[in-house]
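Shown next, in structure tokens, is the structure this report addresses.
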Amino acid sequence: MKRILVTGALGQIGSELVLELRKQYGAENVVATDIRREENEVTTSGPFELLDVLDGKKMAEIANKYQVDTMIHLAALLSATAEKKPLLAWNINMGGLVNALEVARELQLQFFTPSSIGAFGPSTPKDNTPQDTIQRPNTMYGVNKVAGELLCDYYFQKFGVDTRGLRFPGLISYVTPPGGGTTDYAVEIYYEAVKRKKYTSFIGQGTYMDMMYMPDAIQAIIQLMEADPAKLIHRNAFNVTAMSVAPEHFEAEIKKHIPEFILEYDVDPVRQQIAESWPNSLDTTAAEEEWGFQAKFDLSKMTKDMLEKLKVKLNQK
């Protein structure tokens, strides 16, 4: 990677990935794009262009303008939002991906797009879910992710596009507020712990899901994109994770730092059903063996860092 175009740059992943890429590759070599503009470090620290990913022509024009060699396609609707607006999710998630892959094909770009544990479904093995296993999701978001994995494989096999991807678990970050995902409770719980010392979870007690701290996710993207392609057997949709946790595990860890913290429950049936269709834990052997994946943050280390950073961000003592 030398010159990189990022779509969805103001989203949860993009807002942190763009800044890290600019730090490593040079601010002028990372072009951030999004459908909206905000005055923040992403839009002011390097090139920024307005882009609706459904406009394939504009996407190609931007890629040509900056002579990029890599595209990181992040623009998408997340799981809970997609379930409320399934047709919109299909149009954005699949239409945007096809446009991005076509630009990558025409300009011979290296290409990354994330998949998700949402690509799995109720019939997938729940514990230590294999890299290669049955994928029959029952959500529009999951259908989009499975189709996206297959489409990226197709563009690699048919056209030789250097496609790569990761199956992300729930991503936890103090930088960007939650954006309509089923695992958002794992972000909200830290915000509310700092602000109110109390949180009501929309996911039920005992519901395990895989999670990862954003710094590990960012490094995993960069590490995969820099990996030797000859060693990539799977190439797209590698299982990656750092921890398998339920709401009460966050509660216990937060109480070590904020003893008066209280966790209550008011389960959202839609998001609970989505969560129960996903794996409890993932097998990351393929990522470890093919390109050396290893997460640095466990629940304890992440909790300490999240609370410290949020106290500063929210101006709380």
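Note on naming: chains are A, B, ... as they come in the structure tokens, residues start from 1 per chain, ligands start from 1 in the order shown.
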
Output as a tab-separated table one row per residue of segment 49-165 of chain A within 9 Å of segment 180-201 of chain A: the closest atom pair and its distance in Å to one decimal place, counting only C-alpha atoms, sorted by chain and residue number ascending.
```
residue	atom	partner	partner_atom	distance
A:Leu77	CA	A:Gly180	CA	7.9
A:Leu78	CA	A:Gly181	CA	5.3
A:Ser79	CA	A:Gly181	CA	5.1
A:Ala80	CA	A:Gly181	CA	5.2
A:Thr81	CA	A:Gly180	CA	5.3
A:Ala82	CA	A:Gly180	CA	8.4
```

Any chance you could export the current selection's N, CA and C atoms as a PDB file, in the first residue's frame?
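Done, and the output landed in again20.pdb:
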```pdb
ATOM      1  N   LEU A  77     -24.362  -0.190   5.995  1.00  0.00           N
ATOM      2  CA  LEU A  77     -25.306  -0.134   7.110  1.00  0.00           C
ATOM      3  C   LEU A  77     -25.036  -1.326   8.014  1.00  0.00           C
ATOM      4  N   LEU A  78     -25.082  -1.119   9.330  1.00  0.00           N
ATOM      5  CA  LEU A  78     -24.782  -2.180  10.290  1.00  0.00           C
ATOM      6  C   LEU A  78     -26.028  -3.010  10.608  1.00  0.00           C
ATOM      7  N   SER A  79     -25.832  -4.035  11.444  1.00  0.00           N
ATOM      8  CA  SER A  79     -26.809  -5.119  11.596  1.00  0.00           C
ATOM      9  C   SER A  79     -28.203  -4.677  12.021  1.00  0.00           C
ATOM     10  N   ALA A  80     -28.317  -3.951  13.136  1.00  0.00           N
ATOM     11  CA  ALA A  80     -29.643  -3.580  13.628  1.00  0.00           C
ATOM     12  C   ALA A  80     -30.333  -2.614  12.674  1.00  0.00           C
ATOM     13  N   THR A  81     -29.592  -1.659  12.143  1.00  0.00           N
ATOM     14  CA  THR A  81     -30.148  -0.708  11.179  1.00  0.00           C
ATOM     15  C   THR A  81     -30.583  -1.433   9.909  1.00  0.00           C
ATOM     16  N   ALA A  82     -29.764  -2.384   9.467  1.00  0.00           N
ATOM     17  CA  ALA A  82     -30.082  -3.142   8.253  1.00  0.00           C
ATOM     18  C   ALA A  82     -31.353  -3.953   8.410  1.00  0.00           C
TER      19      ALA A  82
END
```

If you take only C-alpha atoms and a cut-off of 10 Å, which residues of segment 206-290 of chain A touch segment 114-131 of chain A, and what are their nearest atom pairs and distances in Å to one decimal, in chain and number order, as CSV?
```
residue,atom,partner,partner_atom,distance
A:Tyr208,CA,A:Lys126,CA,9.8
A:Met209,CA,A:Ile117,CA,9.1
A:Asp210,CA,A:Ile117,CA,8.2
A:Met211,CA,A:Ile117,CA,10.0
A:Ile221,CA,A:Pro114,CA,8.9
A:His234,CA,A:Gln131,CA,8.9
A:Asn236,CA,A:Ser115,CA,8.5
A:Ala237,CA,A:Ser115,CA,5.8
A:Phe238,CA,A:Gln131,CA,6.8
A:Asn239,CA,A:Gln131,CA,6.0
A:Val240,CA,A:Ile117,CA,9.3
A:Thr241,CA,A:Ile117,CA,9.8
A:Ser244,CA,A:Asp127,CA,9.8
A:Gln273,CA,A:Pro122,CA,9.8
A:Ile274,CA,A:Gly118,CA,8.2
A:Ala275,CA,A:Gly118,CA,8.7
A:Glu276,CA,A:Pro122,CA,7.5
A:Ser277,CA,A:Pro122,CA,4.4
A:Trp278,CA,A:Gly121,CA,5.7
A:Pro279,CA,A:Lys126,CA,4.4
A:Asn280,CA,A:Lys126,CA,5.3
A:Ser281,CA,A:Asn128,CA,4.9
A:Leu282,CA,A:Asn128,CA,4.5
A:Asp283,CA,A:Asn128,CA,4.8
A:Thr284,CA,A:Gln131,CA,7.1
A:Thr285,CA,A:Gln131,CA,7.9
A:Ala286,CA,A:Gln131,CA,6.8
A:Ala287,CA,A:Gln131,CA,8.9
```

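The spacing separating atom CA of Ala63 of chain A from atom CA of Ser173 of chain A amounts to 28.8 Å.
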
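Each of A:Ile92, A:Phe112, A:Met214, A:Lys57 was compared to Ser15 of chain A using only C-alpha atoms, and A:Met214 turns out to be the nearest.
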
Running DSSP on the backbone, which parts of segment 62-207 of chain A land in strand (DSSP E or B), as a compact mmCIF listing (two decimals) with N, CA and C atoms, in the first residue's frame?
```txt
# COMPACT_ATOMS: atom_id res chain seq x y z
N THR A 70 -4.67 1.29 -3.63
CA THR A 70 -5.37 0.46 -2.65
C THR A 70 -6.71 1.10 -2.31
N MET A 71 -7.76 0.26 -2.20
CA MET A 71 -9.05 0.74 -1.71
C MET A 71 -9.45 -0.07 -0.48
N ILE A 72 -9.84 0.66 0.58
CA ILE A 72 -10.39 0.04 1.78
C ILE A 72 -11.84 0.48 1.86
N HIS A 73 -12.74 -0.46 1.58
CA HIS A 73 -14.17 -0.15 1.43
C HIS A 73 -14.91 -0.49 2.73
N GLN A 110 -5.31 -2.98 -4.98
CA GLN A 110 -5.44 -3.90 -3.85
C GLN A 110 -6.71 -3.51 -3.12
N PHE A 111 -7.45 -4.49 -2.57
CA PHE A 111 -8.79 -4.20 -2.08
C PHE A 111 -9.05 -4.89 -0.75
N PHE A 112 -9.66 -4.12 0.18
CA PHE A 112 -10.09 -4.70 1.47
C PHE A 112 -11.52 -4.28 1.75
N SER A 115 -15.82 -8.31 6.59
CA SER A 115 -17.00 -9.13 6.82
C SER A 115 -17.27 -9.09 8.33
N SER A 116 -18.05 -10.03 8.83
CA SER A 116 -18.52 -9.95 10.21
C SER A 116 -18.95 -11.32 10.71
N THR A 129 -16.04 -21.49 16.48
CA THR A 129 -16.57 -21.55 15.12
C THR A 129 -15.43 -21.61 14.10
N THR A 163 -8.06 -9.11 -3.48
CA THR A 163 -9.05 -8.86 -2.44
C THR A 163 -8.64 -9.52 -1.13
N ARG A 164 -8.91 -8.82 -0.02
CA ARG A 164 -8.61 -9.36 1.31
C ARG A 164 -9.68 -8.89 2.29
N LEU A 166 -11.52 -9.44 6.62
CA LEU A 166 -11.57 -10.00 7.97
C LEU A 166 -13.02 -10.14 8.41
N ARG A 167 -13.33 -11.21 9.12
CA ARG A 167 -14.64 -11.35 9.76
C ARG A 167 -14.52 -10.75 11.16
N PHE A 168 -14.96 -9.52 11.30
CA PHE A 168 -14.84 -8.85 12.59
C PHE A 168 -15.91 -9.31 13.57
N GLY A 170 -17.70 -8.01 17.41
CA GLY A 170 -18.09 -6.68 17.88
C GLY A 170 -16.84 -5.85 18.13
N LEU A 171 -16.83 -4.61 17.64
CA LEU A 171 -15.68 -3.73 17.81
C LEU A 171 -15.98 -2.66 18.84
N ILE A 172 -15.06 -2.48 19.77
CA ILE A 172 -15.26 -1.57 20.89
C ILE A 172 -14.29 -0.40 20.77
N LYS A 198 -24.19 3.59 35.67
CA LYS A 198 -25.33 2.70 35.53
C LYS A 198 -25.61 2.46 34.06
N TYR A 199 -26.01 1.24 33.69
CA TYR A 199 -26.33 0.96 32.29
C TYR A 199 -27.41 -0.11 32.22
N THR A 200 -28.32 0.07 31.26
CA THR A 200 -29.36 -0.92 30.98
C THR A 200 -29.05 -1.58 29.65
N SER A 201 -28.74 -2.87 29.68
CA SER A 201 -28.31 -3.59 28.48
C SER A 201 -29.49 -4.08 27.67
```

**Report entry** Residue list (alpha helix (DSSP H), DSSP) for segment 2-144 of chain A, as a ChimeraX atom specification
**Finding:** /A:14-25,41-44,56-66,79-84,86-107,140-144

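Atom CA of Arg235 of chain A to atom CA of Gly292 of chain A spans 13.3 Å [interatomic distance, one decimal].
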
Query - Residues near Pro86 of chain A, cut-off 9 Å, only C-alpha atoms, skip fewer than 5 positions along chain, as number ranges by chain - result: A: 81, 91, 139-141

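In this model, the gap between atom CA of Ala76 of chain A and atom CA of Asn93 of chain A comes to 5.1 Å.
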
Within 12 Å of segment 18-25 of chain A, which residues of segment 134-249 of chain A come that close, and what is the closest atom pair and distance in Å for each? Count only C-alpha atoms and give it as a tab-separated table.
```
residue	atom	partner	partner_atom	distance
A:Val175	CA	A:Leu19	CA	11.7
A:Met214	CA	A:Glu20	CA	11.5
A:Pro215	CA	A:Glu20	CA	9.5
A:Asp216	CA	A:Glu20	CA	11.9
A:Ala217	CA	A:Glu20	CA	11.5
A:Ile218	CA	A:Glu20	CA	7.8
A:Gln219	CA	A:Glu20	CA	8.9
A:Ile221	CA	A:Leu21	CA	10.3
A:Ile222	CA	A:Leu21	CA	8.1
A:Gln223	CA	A:Leu21	CA	11.6
A:Met225	CA	A:Leu21	CA	11.6
```

Selected residues written out with N, CA and C atoms, as a tab-separated table (two decimals), in the first residue's frame:
```
chain	number	residue	atom	x	y	z
A	175	VAL	N	-13.69	6.28	20.49
A	175	VAL	CA	-13.57	7.42	19.57
A	175	VAL	C	-14.91	7.77	18.92
A	214	MET	N	-10.72	-1.73	19.28
A	214	MET	CA	-10.44	-1.13	17.98
A	214	MET	C	-8.95	-1.09	17.61
A	215	PRO	N	-8.03	-0.77	18.54
A	215	PRO	CA	-6.61	-0.78	18.14
A	215	PRO	C	-6.16	-2.11	17.55
A	216	ASP	N	-6.67	-3.23	18.08
A	216	ASP	CA	-6.34	-4.54	17.51
A	216	ASP	C	-6.94	-4.71	16.13
A	217	ALA	N	-8.16	-4.21	15.94
A	217	ALA	CA	-8.82	-4.31	14.62
A	217	ALA	C	-8.07	-3.52	13.57
A	218	ILE	N	-7.63	-2.31	13.92
A	218	ILE	CA	-6.89	-1.46	12.99
A	218	ILE	C	-5.58	-2.12	12.57
A	219	GLN	N	-4.87	-2.64	13.54
A	219	GLN	CA	-3.60	-3.28	13.23
A	219	GLN	C	-3.80	-4.56	12.41
A	221	ILE	N	-6.12	-5.05	10.12
A	221	ILE	CA	-6.34	-4.63	8.73
A	221	ILE	C	-5.01	-4.34	8.05
A	222	ILE	N	-4.19	-3.53	8.70
A	222	ILE	CA	-2.92	-3.14	8.10
A	222	ILE	C	-2.00	-4.35	7.93
A	223	GLN	N	-1.97	-5.21	8.94
A	223	GLN	CA	-1.11	-6.40	8.88
A	223	GLN	C	-1.54	-7.33	7.75
A	225	MET	N	-3.19	-6.46	5.00
A	225	MET	CA	-2.94	-5.81	3.71
A	225	MET	C	-1.46	-5.82	3.34
```

Mind running segment 174-279 of chain A against segment 3-12 of chain A at 10 Å and telling me each contacting residue's nearest atom pair with the distance in Å (one decimal), counting only C-alpha atoms, chain and number ascending, as a Markdown table?
```
| residue | atom | partner | partner_atom | distance |
| --- | --- | --- | --- | --- |
| A:Tyr174 | CA | A:Gln12 | CA | 9.6 |
| A:Val175 | CA | A:Gln12 | CA | 7.8 |
| A:Thr176 | CA | A:Gln12 | CA | 5.4 |
| A:Pro177 | CA | A:Gln12 | CA | 7.4 |
| A:Pro178 | CA | A:Gln12 | CA | 7.4 |
| A:Gly179 | CA | A:Gln12 | CA | 7.3 |
| A:Met214 | CA | A:Gln12 | CA | 8.9 |
```

Query raised in the report: Skipping near chain neighbours, those fewer than 4 positions away, what residues fall within 8 Å of Phe250 of chain A using only C-alpha atoms, listed as a VMD selection string?
Result: chain A and resid 186 189 245 to 246 254 299 303

Those residues you just picked out, can you put them in a file as an mmCIF file, in the first residue's frame with C-alpha atoms?
```cif
data_model
loop_
_atom_site.group_PDB
_atom_site.id
_atom_site.type_symbol
_atom_site.label_atom_id
_atom_site.label_comp_id
_atom_site.auth_asym_id
_atom_site.auth_seq_id
_atom_site.Cartn_x
_atom_site.Cartn_y
_atom_site.Cartn_z
ATOM 1 C CA ALA A 186 -20.380 -3.264 24.615
ATOM 2 C CA ILE A 189 -21.770 0.237 28.716
ATOM 3 C CA VAL A 245 -17.846 -12.210 26.587
ATOM 4 C CA ALA A 246 -21.390 -11.686 27.910
ATOM 5 C CA ILE A 254 -15.934 -2.304 35.186
ATOM 6 C CA LEU A 299 -11.095 -7.728 28.496
ATOM 7 C CA THR A 303 -11.540 -2.031 30.135
#
```
